[in-house]
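Listing of structure.cif; format and content: mmCIF, C-alpha atoms.
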```cif
data_final
#
loop_
_atom_site.label_atom_id
_atom_site.label_comp_id
_atom_site.auth_asym_id
_atom_site.auth_seq_id
_atom_site.Cartn_x
_atom_site.Cartn_y
_atom_site.Cartn_z
CA MET J 1 -13.61 6.76 4.99
CA ARG J 2 -16.39 6.45 7.55
CA LYS J 3 -17.09 2.91 6.36
CA LEU J 4 -13.44 1.97 6.75
CA THR J 5 -12.89 3.61 10.12
CA ALA J 6 -16.08 1.98 11.42
CA ARG J 7 -14.35 -1.38 11.03
CA LYS J 8 -12.28 -1.97 14.13
CA LYS J 9 -9.87 -4.31 12.37
CA TYR J 10 -8.07 -1.34 10.81
CA ILE J 11 -7.48 0.12 14.26
CA VAL J 12 -6.20 -3.29 15.38
CA PHE J 13 -3.84 -3.49 12.40
CA LEU J 14 -2.59 0.01 13.21
CA ILE J 15 -1.85 -1.12 16.76
CA ILE J 16 -0.06 -4.18 15.37
CA GLU J 17 2.04 -1.84 13.22
CA ILE J 18 3.05 0.09 16.32
CA LEU J 19 3.87 -3.15 18.16
CA ILE J 20 6.06 -4.31 15.26
CA CYS J 21 8.04 -1.07 15.51
CA VAL J 22 8.39 -1.47 19.27
CA LEU J 23 9.50 -5.09 18.81
CA TRP J 24 12.11 -4.00 16.24
CA CYS J 25 13.36 -1.43 18.75
CA VAL J 26 13.60 -4.02 21.55
CA ILE J 27 15.44 -6.48 19.29
CA SER J 28 17.92 -3.79 18.24
CA LEU J 29 18.64 -2.88 21.85
CA ALA J 30 18.96 -6.55 22.79
CA LEU J 31 21.43 -7.17 19.96
CA GLY J 32 23.51 -4.27 21.19
CA ARG J 33 23.67 -5.74 24.68
CA VAL J 34 24.35 -9.33 23.56
CA ALA J 35 27.04 -8.24 21.11
CA ALA J 36 28.76 -6.30 23.89
CA GLY J 37 29.40 -3.31 21.68
CA SER J 38 30.46 -5.13 18.50
CA VAL J 39 27.04 -4.31 17.06
CA ALA J 40 25.93 -0.77 17.93
CA SER J 41 22.20 -0.64 18.70
CA ASP J 42 22.35 3.11 17.99
CA LEU J 43 23.41 2.33 14.42
CA LEU J 44 20.52 -0.10 13.95
CA LEU J 45 18.00 2.37 15.34
CA ALA J 46 19.43 5.23 13.27
CA ASP J 47 18.39 3.40 10.09
CA MET J 48 15.03 2.32 11.49
CA PRO J 49 12.74 4.60 9.40
CA MET J 50 14.16 3.32 6.10
CA SER J 51 14.52 -0.30 7.26
CA MET J 52 10.88 -0.50 8.29
CA LEU J 53 9.66 1.27 5.15
CA GLY J 54 10.64 -1.62 2.89
CA PHE J 55 8.73 -4.21 4.94
CA PHE J 56 5.58 -2.12 5.23
CA THR J 57 5.38 -0.97 1.60
CA GLN J 58 5.93 -4.46 0.21
CA ILE J 59 4.13 -6.71 2.69
CA TYR J 60 2.07 -5.08 5.42
CA THR J 61 0.41 -2.15 3.67
CA PRO J 62 -0.52 -4.16 0.53
CA LEU J 63 -2.45 -6.56 2.77
CA ILE J 64 -4.33 -3.63 4.30
CA ILE J 65 -5.10 -2.29 0.83
CA PHE J 66 -6.45 -5.65 -0.35
CA MET J 67 -8.76 -5.96 2.66
CA ALA J 68 -9.99 -2.37 2.34
CA ALA J 69 -10.70 -2.81 -1.39
CA CYS J 70 -12.68 -5.94 -0.59
CA ASP J 71 -14.68 -4.09 2.10
CA LEU J 72 -15.58 -1.18 -0.21
CA PHE J 73 -16.24 -3.14 -3.38
CA THR J 74 -16.95 -6.88 -3.14
CA SER J 75 -18.38 -6.90 0.38
CA GLU J 76 -20.89 -4.19 -0.50
CA VAL J 77 -21.95 -6.12 -3.59
CA HIS J 78 -22.17 -9.33 -1.57
CA ASP J 79 -24.43 -7.89 1.14
CA GLY J 80 -26.38 -5.62 -1.24
CA THR J 81 -25.51 -2.32 0.46
CA ILE J 82 -23.95 -0.98 -2.73
CA ARG J 83 -27.46 -0.61 -4.17
CA ALA J 84 -28.12 2.30 -1.81
CA GLY J 85 -25.08 4.07 -3.23
CA PHE J 86 -26.18 3.47 -6.80
CA MET J 87 -29.61 4.95 -6.02
CA ARG J 88 -28.08 8.25 -4.92
CA PRO J 89 -27.71 11.09 -7.46
CA VAL J 90 -23.96 10.52 -7.63
CA SER J 91 -22.25 9.20 -10.74
CA ARG J 92 -20.59 5.81 -10.61
CA PHE J 93 -17.32 7.45 -11.53
CA LYS J 94 -17.41 9.54 -8.36
CA GLN J 95 -18.36 6.48 -6.32
CA PHE J 96 -15.49 4.49 -7.80
CA ALA J 97 -13.01 7.36 -7.37
CA SER J 98 -14.10 8.03 -3.79
CA ARG J 99 -13.57 4.37 -2.85
CA VAL J 100 -10.12 4.35 -4.42
CA LEU J 101 -9.21 7.62 -2.71
CA ALA J 102 -10.44 6.37 0.68
CA ILE J 103 -8.28 3.23 0.43
CA TRP J 104 -5.27 5.31 -0.61
CA ILE J 105 -5.78 7.69 2.32
CA LEU J 106 -5.97 4.70 4.67
CA ALA J 107 -2.65 3.42 3.33
CA ALA J 108 -1.18 6.92 3.70
CA VAL J 109 -2.29 7.04 7.34
CA TYR J 110 -0.39 3.82 8.03
CA LEU J 111 2.74 5.27 6.43
CA VAL J 112 2.41 8.56 8.32
CA VAL J 113 2.12 6.71 11.65
CA LEU J 114 5.11 4.57 10.69
CA PHE J 115 7.21 7.62 9.78
CA VAL J 116 6.34 9.55 12.94
CA LEU J 117 6.90 6.56 15.23
CA THR J 118 10.19 5.37 13.74
CA THR J 119 11.54 8.92 13.54
CA ALA J 120 10.63 9.51 17.20
CA ILE J 121 12.32 6.26 18.24
CA LYS J 122 15.39 7.19 16.23
CA GLY J 123 15.53 10.65 17.77
CA VAL J 124 15.04 9.49 21.37
CA LEU J 125 17.05 6.25 21.51
CA ALA J 126 19.65 6.87 18.79
CA GLY J 127 19.93 10.58 19.57
CA SER J 128 20.00 11.53 15.90
CA THR J 129 17.77 13.35 13.45
CA ALA J 130 20.15 12.98 10.51
CA GLY J 131 18.50 12.03 7.25
CA LEU J 132 15.09 13.28 8.34
CA GLY J 133 14.49 15.08 5.04
CA ALA J 134 15.51 12.06 2.95
CA SER J 135 13.24 9.79 5.01
CA PHE J 136 10.28 12.13 4.60
CA ILE J 137 10.79 12.34 0.84
CA SER J 138 11.10 8.55 0.63
CA TYR J 139 7.83 7.98 2.46
CA PHE J 140 6.12 10.61 0.31
CA LEU J 141 7.41 9.09 -2.94
CA ASP J 142 6.23 5.61 -1.99
CA LEU J 143 2.63 6.81 -1.95
CA ALA J 144 2.68 6.84 -5.78
CA PRO J 145 3.09 3.06 -6.30
CA LEU J 146 0.62 2.42 -3.49
CA LEU J 147 -2.02 4.28 -5.50
CA VAL J 148 -1.35 1.93 -8.43
CA LEU J 149 -1.67 -1.01 -6.03
CA VAL J 150 -5.05 0.36 -4.86
CA LEU J 151 -6.22 0.56 -8.49
CA PHE J 152 -5.00 -3.01 -9.01
CA ALA J 153 -7.01 -4.21 -6.00
CA ALA J 154 -10.10 -2.27 -7.14
CA PHE J 155 -9.80 -3.88 -10.60
CA ILE J 156 -9.50 -7.43 -9.23
CA ASN J 157 -12.50 -6.88 -6.94
CA GLN J 158 -14.77 -6.39 -9.96
CA PHE J 159 -14.46 -10.06 -10.94
CA SER J 160 -15.81 -11.75 -7.84
CA GLY J 161 -18.86 -11.56 -5.63
CA SER J 162 -17.13 -13.36 -2.77
CA PRO J 163 -15.15 -11.16 -0.31
CA SER J 164 -12.79 -13.94 0.75
CA LEU J 165 -12.12 -14.98 -2.85
CA SER J 166 -11.36 -11.38 -3.83
CA VAL J 167 -8.73 -11.04 -1.10
CA ILE J 168 -7.21 -14.40 -2.03
CA LEU J 169 -7.04 -13.41 -5.71
CA CYS J 170 -5.35 -10.11 -4.87
CA VAL J 171 -2.80 -11.81 -2.62
CA ILE J 172 -2.03 -14.66 -5.06
CA LEU J 173 -1.63 -12.34 -8.05
CA TYR J 174 0.46 -9.88 -6.05
CA ILE J 175 2.76 -12.64 -4.80
CA GLY J 176 2.96 -14.06 -8.30
CA PHE J 177 4.03 -10.74 -9.82
CA TYR J 178 6.46 -10.10 -6.96
CA VAL J 179 8.11 -13.54 -7.19
CA LEU J 180 8.28 -13.28 -10.99
CA GLY J 181 10.20 -10.03 -10.63
CA ILE J 182 12.66 -11.76 -8.29
CA LEU J 183 13.14 -14.89 -10.40
CA GLU J 184 13.38 -12.91 -13.63
CA PRO J 185 15.09 -9.58 -12.80
CA ARG J 186 14.52 -8.28 -16.33
CA MET J 187 10.77 -8.48 -15.69
CA SER J 188 11.02 -6.51 -12.45
CA GLY J 189 11.26 -3.21 -14.33
CA LEU J 190 8.12 -4.05 -16.31
CA LEU J 191 5.90 -5.00 -13.35
CA PHE J 192 4.35 -2.44 -11.01
CA THR J 193 5.30 -4.62 -8.03
CA GLY J 194 8.93 -3.80 -8.79
CA TYR J 195 8.30 -0.11 -8.05
CA LEU J 196 6.80 -0.37 -4.56
CA GLN J 197 10.05 1.01 -3.13
CA TRP J 198 9.79 3.96 -5.50
CA HIS J 199 12.16 6.04 -3.38
CA ASN J 200 15.11 3.83 -4.35
CA LEU J 201 14.95 5.31 -7.85
CA TRP J 202 15.11 8.92 -6.69
CA VAL J 203 16.72 9.25 -3.26
CA GLY J 204 20.48 8.93 -3.25
CA THR J 205 20.70 8.22 -6.99
CA ALA J 206 20.82 10.31 -10.14
CA LEU J 207 19.03 8.52 -12.96
CA PRO J 208 19.43 9.84 -16.51
CA PHE J 209 16.42 11.87 -17.56
CA GLY J 210 15.39 9.36 -20.20
CA ALA J 211 15.50 6.40 -17.81
CA ALA J 212 13.61 8.31 -15.12
CA LEU J 213 10.95 9.40 -17.61
CA ALA J 214 10.52 5.80 -18.82
CA LYS J 215 9.96 4.51 -15.29
CA VAL J 216 7.46 7.27 -14.54
CA GLY J 217 5.68 6.38 -17.77
CA ILE J 218 5.51 2.68 -16.84
CA LEU J 219 4.02 3.38 -13.43
CA ALA J 220 1.60 5.97 -14.80
CA GLY J 221 0.62 3.56 -17.56
CA TYR J 222 -0.24 0.86 -15.06
CA GLY J 223 -2.28 3.37 -13.07
CA MET J 224 -4.27 4.54 -16.10
CA VAL J 225 -4.92 1.03 -17.46
CA LEU J 226 -5.94 -0.45 -14.10
CA GLY J 227 -7.99 2.63 -13.20
CA CYS J 228 -9.86 2.76 -16.51
CA ALA J 229 -10.45 -1.01 -16.60
CA GLY J 230 -11.62 -1.06 -12.99
CA TYR J 231 -14.03 1.83 -13.54
CA TYR J 232 -15.33 0.27 -16.77
CA LEU J 233 -16.26 -2.93 -14.93
CA PHE J 234 -17.63 -1.01 -11.94
CA GLU J 235 -19.81 1.20 -14.15
CA ARG J 236 -21.38 -1.81 -15.87
CA ARG J 237 -21.74 -3.98 -12.80
CA GLU J 238 -25.26 -5.23 -12.18
CA VAL J 239 -26.41 -5.54 -8.57
#
```

If you took the structure in this file and wrote it as structure tokens, what would it be?
Amino acid sequence: MRKLTARKKYIVFLIIEILICVLWCVISLALGRVAAGSVASDLLLADMPMSMLGFFTQIYTPLIIFMAACDLFTSEVHDGTIRAGFMRPVSRFKQFASRVLAIWILAAVYLVVLFVLTTAIKGVLAGSTAGLGASFISYFLDLAPLLVLVLFAAFINQFSGSPSLSVILCVILYIGFYVLGILEPRMSGLLFTGYLQWHNLWVGTALPFGAALAKVGILAGYGMVLGCAGYYLFERREV
């Protein structure tokens, strides 16, 4: 975590996240004025926490995860600093797990800031706190697929010694899986990218137990396979 927070770009991206929320707020208020009441800005702002969640879990936060994985895996191999970690009396499993956990915590911080900011804007400008519990549960649930995405990024970073190439590979593969799920809806349920809005399966719906258990199994399966494969490559990596 110290290595990540020492990089100012993550603070900059957090500021950009805040500015995106402010811009969304300004646009909603402007639409209300231009529409002369036909479009209620209060209604747009009341749904802001959930509207912003989709964009950040599918686009913005994955990019942060890919960059953080590159910084903690490929970049350290590229500049040789990972050797110092391997010389410490700490198992490679703990080193791999700590890197994955640090990236996941970073992603969680971005979601927490997003939840607090959008909820505050909703409460102040829309004058409503309705749906606060559902929003909180939705944000909490979406941390599960983000952990799988972190394991995916950690796995991909074991194949390259170039930081820029690792980020490009993560982005291309992620976009490929995401687009495949859109073009072939039947594949969406079999790809982990189709579960990034995990809350849609649980909040406001009542899935049969068997269907819910199958989806949990698919996501957990991806996590175990990517985690084990990533650690296997990390444990045998020569530096």

Produce a table with one row for each residue of stretch 161-199 of chain J that has an atom at most 10 Å from any atom of stretch 123-143 of chain J, each row naming the nearest atom pair and its distance in Å at one decimal; use only C-alpha atoms; arrange rows by chain and rising residue number; format as CSV.
```
residue,atom,partner,partner_atom,distance
J:Tyr195,CA,J:Asp142,CA,8.6
J:Leu196,CA,J:Asp142,CA,6.5
J:Gln197,CA,J:Asp142,CA,6.1
J:Trp198,CA,J:Asp142,CA,5.3
J:His199,CA,J:Ser138,CA,4.8
```

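Of the residues under consideration (J:Asn157, J:Ser98, J:Ser51, J:Ser162), J:Asn157 shows the shortest atom-to-atom contact distance to J:Phe66 when counting all atoms listed in the file.
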
Test item: residues at most 8 Å from J:Cys21, all atoms listed in the file, excluding those fewer than 5 positions along its chain, as a PyMOL selection string
chain J and resi 52+114+117-118

Any chance you could export the current selection's C-alpha atoms as a PDB file, keeping the file's coordinate frame?
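Once everything was written out, this is part28.pdb:
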```pdb
ATOM      1  CA  MET J  52      10.880  -0.500   8.290  1.00  0.00           C
ATOM      2  CA  LEU J 114       5.110   4.570  10.690  1.00  0.00           C
ATOM      3  CA  LEU J 117       6.900   6.560  15.230  1.00  0.00           C
ATOM      4  CA  THR J 118      10.190   5.370  13.740  1.00  0.00           C
TER       5      THR J 118
END
```

Report, in Å with one decimal, the straight-line distance from atom CA of J:Met67 to atom CA of J:Val167.
6.3 Å

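One finds atom CA of J:Cys70 at 9.8 Å from atom CA of J:Ser160.
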